[in-house]
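**Q** Here you go, this is query15.tsv (TSV, C-alpha atoms).
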```
chain	number	residue	atom	x	y	z
J	7	MET	CA	20.66	-1.27	17.29
J	8	HIS	CA	16.94	-0.60	17.74
J	9	ARG	CA	15.72	2.39	15.77
J	10	PRO	CA	13.42	4.79	17.64
J	11	GLY	CA	9.88	4.68	16.37
J	12	THR	CA	10.01	1.07	15.21
J	13	CYS	CA	7.87	-1.68	16.63
J	14	VAL	CA	9.94	-4.49	18.09
J	15	PRO	CA	8.30	-7.46	19.85
J	16	LYS	CA	9.51	-7.81	23.45
J	17	ASP	CA	10.41	-11.48	23.05
J	18	LEU	CA	12.42	-11.01	19.84
J	19	PRO	CA	15.95	-12.45	20.22
J	20	ALA	CA	18.59	-9.73	20.65
J	21	ARG	CA	20.40	-10.75	17.45
J	22	PHE	CA	17.32	-9.70	15.44
J	23	ILE	CA	16.57	-6.34	17.04
J	24	ALA	CA	18.92	-4.46	14.68
J	25	PHE	CA	16.91	-5.74	11.73
J	26	ALA	CA	13.38	-5.50	13.10
J	27	ALA	CA	12.18	-2.55	11.01
J	28	MET	CA	11.29	-2.85	7.34
J	29	SER	CA	12.30	0.73	6.72
J	30	SER	CA	13.53	3.62	8.74
J	31	PRO	CA	13.16	7.40	8.84
J	32	GLU	CA	16.64	7.57	7.31
J	33	ASP	CA	15.37	5.96	4.09
J	34	PRO	CA	12.85	8.53	2.77
J	35	ILE	CA	12.17	8.90	-0.93
J	36	PRO	CA	11.69	12.47	-2.23
J	37	GLU	CA	8.15	13.33	-3.38
J	38	TYR	CA	9.10	13.71	-7.07
J	39	ARG	CA	10.59	10.19	-6.97
J	40	CYS	CA	7.44	8.84	-5.26
J	41	TRP	CA	5.41	9.98	-8.28
J	42	GLN	CA	7.92	8.33	-10.63
J	43	LEU	CA	7.71	5.05	-8.69
J	44	LEU	CA	3.89	5.12	-8.64
J	45	ALA	CA	4.00	5.44	-12.43
J	46	THR	CA	5.86	2.10	-12.69
J	47	THR	CA	3.00	-0.02	-11.37
J	48	SER	CA	-0.80	0.04	-11.46
J	49	VAL	CA	-1.94	-2.00	-8.45
J	50	GLY	CA	-2.07	-0.79	-4.86
J	51	ARG	CA	-4.21	-0.85	-1.74
J	52	LEU	CA	-6.84	1.68	-0.73
J	53	ALA	CA	-7.74	2.19	2.94
J	54	LEU	CA	-10.99	3.91	3.84
J	55	SER	CA	-13.83	3.82	6.32
J	56	VAL	CA	-17.04	2.01	5.33
J	57	ARG	CA	-19.93	2.13	7.79
J	58	ALA	CA	-17.47	3.27	10.49
J	59	LEU	CA	-15.18	0.26	9.96
J	60	PRO	CA	-11.71	0.29	8.37
J	61	VAL	CA	-11.44	-1.42	4.99
J	62	ILE	CA	-8.35	-2.12	2.88
J	63	LEU	CA	-8.98	-3.02	-0.76
J	64	PRO	CA	-6.65	-4.14	-3.55
J	65	VAL	CA	-7.26	-1.72	-6.42
J	66	GLN	CA	-6.00	-0.74	-9.82
J	67	TYR	CA	-5.01	2.89	-10.37
J	68	HIS	CA	-3.89	5.39	-12.96
J	69	LEU	CA	-1.98	8.62	-12.39
J	70	HIS	CA	-3.61	11.70	-13.85
J	71	GLY	CA	-1.18	14.56	-13.32
J	72	ARG	CA	-0.78	14.94	-9.55
J	73	SER	CA	-3.98	13.04	-8.76
J	74	MET	CA	-4.94	9.40	-9.01
J	75	LEU	CA	-7.89	7.58	-10.53
J	76	VAL	CA	-8.70	4.37	-8.65
J	77	CYS	CA	-11.00	1.62	-9.94
J	78	LEU	CA	-12.75	-0.26	-7.15
J	79	GLY	CA	-13.38	-3.22	-9.50
J	80	HIS	CA	-15.83	-5.68	-7.97
J	81	HIS	CA	-15.96	-3.94	-4.59
J	82	GLN	CA	-19.25	-2.10	-4.14
J	83	ILE	CA	-18.70	0.73	-1.68
J	84	PRO	CA	-21.50	3.11	-0.58
J	85	GLU	CA	-21.05	6.48	-2.26
J	86	ARG	CA	-21.13	8.29	1.10
J	87	SER	CA	-17.91	6.41	1.99
J	88	LEU	CA	-16.26	7.65	-1.20
J	89	HIS	CA	-17.29	11.28	-1.67
J	90	GLN	CA	-14.98	13.75	0.06
J	91	ALA	CA	-13.66	11.01	2.35
J	92	ILE	CA	-10.21	11.01	3.89
J	93	ILE	CA	-8.42	7.96	2.51
J	94	ALA	CA	-5.01	6.33	2.46
J	95	PHE	CA	-3.40	4.54	-0.46
J	96	THR	CA	-0.21	2.57	-0.79
J	97	ALA	CA	1.69	0.87	-3.58
J	98	ASP	CA	5.00	-0.92	-3.43
J	99	ALA	CA	7.40	-3.19	-5.23
J	100	ILE	CA	9.66	-5.74	-3.57
J	101	ASP	CA	12.38	-7.65	-5.44
J	102	PRO	CA	12.17	-11.28	-4.25
J	103	ALA	CA	15.89	-11.85	-4.88
J	104	THR	CA	17.24	-8.88	-2.89
J	105	ARG	CA	14.28	-8.77	-0.44
J	106	SER	CA	14.23	-4.98	-0.84
J	107	GLY	CA	12.31	-2.35	-2.72
J	108	TRP	CA	10.12	0.70	-2.15
J	109	SER	CA	6.78	1.66	-0.67
J	110	VAL	CA	4.85	4.86	-1.39
J	111	HIS	CA	1.96	6.11	0.79
J	112	VAL	CA	-0.63	8.70	-0.16
J	113	GLN	CA	-3.08	10.37	2.20
J	114	GLY	CA	-5.73	12.59	0.74
J	115	ARG	CA	-9.35	13.22	-0.06
J	116	SER	CA	-11.43	11.16	-2.46
J	117	ALA	CA	-14.12	12.24	-4.88
J	118	ILE	CA	-16.35	10.16	-7.08
J	119	ALA	CA	-15.04	10.43	-10.63
J	120	PRO	CA	-17.36	10.62	-13.64
J	121	ARG	CA	-18.46	7.19	-14.83
J	122	PRO	CA	-16.47	5.86	-17.79
J	123	ALA	CA	-18.10	5.30	-21.14
J	124	ALA	CA	-19.78	1.90	-21.55
J	125	HIS	CA	-16.99	0.65	-23.80
J	126	ALA	CA	-14.45	1.47	-21.06
J	127	ALA	CA	-16.29	-0.38	-18.28
J	128	CYS	CA	-14.22	-3.07	-16.56
J	129	GLY	CA	-17.01	-5.66	-16.65
J	130	GLN	CA	-17.22	-6.01	-12.86
J	131	PRO	CA	-20.53	-5.56	-10.99
J	132	ALA	CA	-19.31	-2.19	-9.71
J	133	ALA	CA	-18.03	-1.12	-13.12
J	134	GLY	CA	-17.81	2.63	-13.18
J	135	GLN	CA	-17.13	2.98	-9.46
J	136	ILE	CA	-14.00	5.02	-9.87
J	137	ILE	CA	-12.72	7.58	-7.43
J	138	GLN	CA	-10.22	10.36	-7.81
J	139	ILE	CA	-7.70	10.93	-5.04
J	140	GLN	CA	-6.39	14.43	-4.44
J	141	PRO	CA	-3.20	13.77	-2.45
J	142	GLY	CA	-2.53	15.82	0.65
J	143	ILE	CA	0.56	13.98	1.86
J	144	ILE	CA	2.76	11.65	-0.19
J	145	THR	CA	5.69	9.82	1.37
J	146	GLY	CA	7.90	6.97	0.35
J	147	HIS	CA	10.58	4.80	1.88
J	148	ARG	CA	13.11	2.28	0.75
J	149	VAL	CA	12.20	-1.12	2.16
J	150	THR	CA	14.39	-3.97	3.34
J	151	LEU	CA	12.46	-6.97	4.54
J	152	CYS	CA	13.00	-8.21	8.06
J	153	PRO	CA	15.60	-11.00	8.47
J	154	ALA	CA	13.97	-12.03	11.76
J	155	ILE	CA	10.71	-12.87	9.96
J	156	ASP	CA	12.63	-14.68	7.21
J	157	SER	CA	14.39	-16.78	9.88
J	158	LEU	CA	11.07	-17.63	11.52
J	159	ARG	CA	9.54	-18.56	8.15
J	160	THR	CA	12.54	-20.73	7.30
J	161	ALA	CA	12.37	-22.48	10.68
J	162	ASP	CA	8.63	-23.10	10.22
J	163	ALA	CA	9.21	-24.47	6.72
J	164	HIS	CA	11.83	-26.91	8.03
J	165	THR	CA	9.54	-28.01	10.87
J	166	THR	CA	6.60	-28.52	8.50
J	167	HIS	CA	8.79	-30.33	5.99
J	168	ARG	CA	10.02	-32.84	8.60
J	169	ARG	CA	6.49	-33.94	9.57
```
Just dump the structure as structure tokens.
**A**
Amino acid sequence: MHRPGTCVPKDLPARFIAFAAMSSPEDPIPEYRCWQLLATTSVGRLALSVRALPVILPVQYHLHGRSMLVCLGHHQIPERSLHQAIIAFTADAIDPATRSGWSVHVQGRSAIAPRPAAHAACGQPAAGQIIQIQPGIITGHRVTLCPAIDSLRTADAHTTHRR
């Protein structure tokens, strides 16, 4: 059965509609558990606006109490896009065997963090470009990957393999 609020392509075969969503509103993760899950990994994606265009960057992060420190690595972002900007961040983990896992999303405000000492620099051209995220909203969901997409990928692999 199609879950309200999920995006289902109109031409998706009926047998796949029940599985079209990766997660559902019934699968929320409590906030305290979101923080625990974020502590188990150190790589995520940061979404922000740069020169009025949306940008999504892979980043490394560290939890510092109930805030996050995010290293932009080799990405050089104008400071005006980082100081007091509304941002979004996500991290997740998917088990390739079970095709399931979790995803945590953070929305908040960023601030430019003090530059690290020279010995702590990451060696990238933008070394020292670290922001602090003060979360406003943190949500998480259990994730089960879409069997319809897996079926399409399998069919494409068989077609490609036969050529």
**Q** Counting only C-alpha atoms, figure out which residue out of J:Arg115, J:His164, J:Arg57, J:His147 gets nearest to Ser73 of chain J.
**A**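 Smallest distance to Ser73 of chain J is found for J:Arg115.
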**Q** Kindly extract all protein, DNA and RNA residues lying within 10 Å of the coordinates (-16.4, 5.9, -1.6) given in the file, considering all atoms listed in the file, and supply them as a VMD selection string.
**A** chain J and resid 54 to 56 78 82 to 93 116 to 118 135 to 138
**Q** Restricting the calculation to all atoms listed in the file, which member of J:Ile139, J:Met74, J:Ala161, J:Ile35 is positioned closest to Trp108 of chain J?
**A**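 Ranked by minimum distance to Trp108 of chain J, first place goes to J:Ile35.
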**Q** Using all atoms listed in the file, give me every residue within 10 Å of (-1.7, 3.6, -7.7) in file coordinates, as a list in words.
**A**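 Nearby residues: Trp41, Leu43, Leu44, Ala45, Thr46, Thr47, Ser48, Val49, Gly50, Arg51, Leu52, Val65, Gln66, Tyr67, His68, Leu69, Ser73, Met74, Leu75, Val76, Cys77, Phe95, Thr96, Ala97, Asp98, Val110, His111, Val112 and Ile139 of chain J.
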**Q** Measuring between all atoms listed in the file, which one of J:Pro102, J:Ala163, J:Leu59, J:Gly114 shows the shortest distance to Gly142 of chain J?
**A** J:Gly114
**Q** Report, in Å with one decimal, the straight-line distance from atom CA of Thr160 of chain J to atom CA of Gly107 of chain J.
**A**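 Distance reported for this atom pair: 20.9 Å.
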**Q** At what distance in Å, to one decimal, does atom CA of Cys152 of chain J lie from atom CA of Glu37 of chain J?
**A**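 Atom CA of Cys152 of chain J lies at a distance of 24.9 Å from atom CA of Glu37 of chain J.
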**Q** Let me make sure I understand: among J:Gln113, J:Ala94, J:Arg159, J:Thr165, which one has the smallest atom-to-atom distance to Ile62 of chain J if we use only C-alpha atoms?
**A**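 Counting only C-alpha atoms, the residue closest to Ile62 of chain J is J:Ala94.
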**Q** Between atom CA of His81 of chain J and atom CA of Ile144 of chain J, measure the distance and give it in Å to one decimal.
**A** 24.8 Å
**Q** Between J:Asp162, J:Ser109, J:Pro153, J:Gln140, which residue has the minimum interatomic distance to Cys40 of chain J, considering only C-alpha atoms?
**A**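 Closest to Cys40 of chain J of all the choices is J:Ser109.
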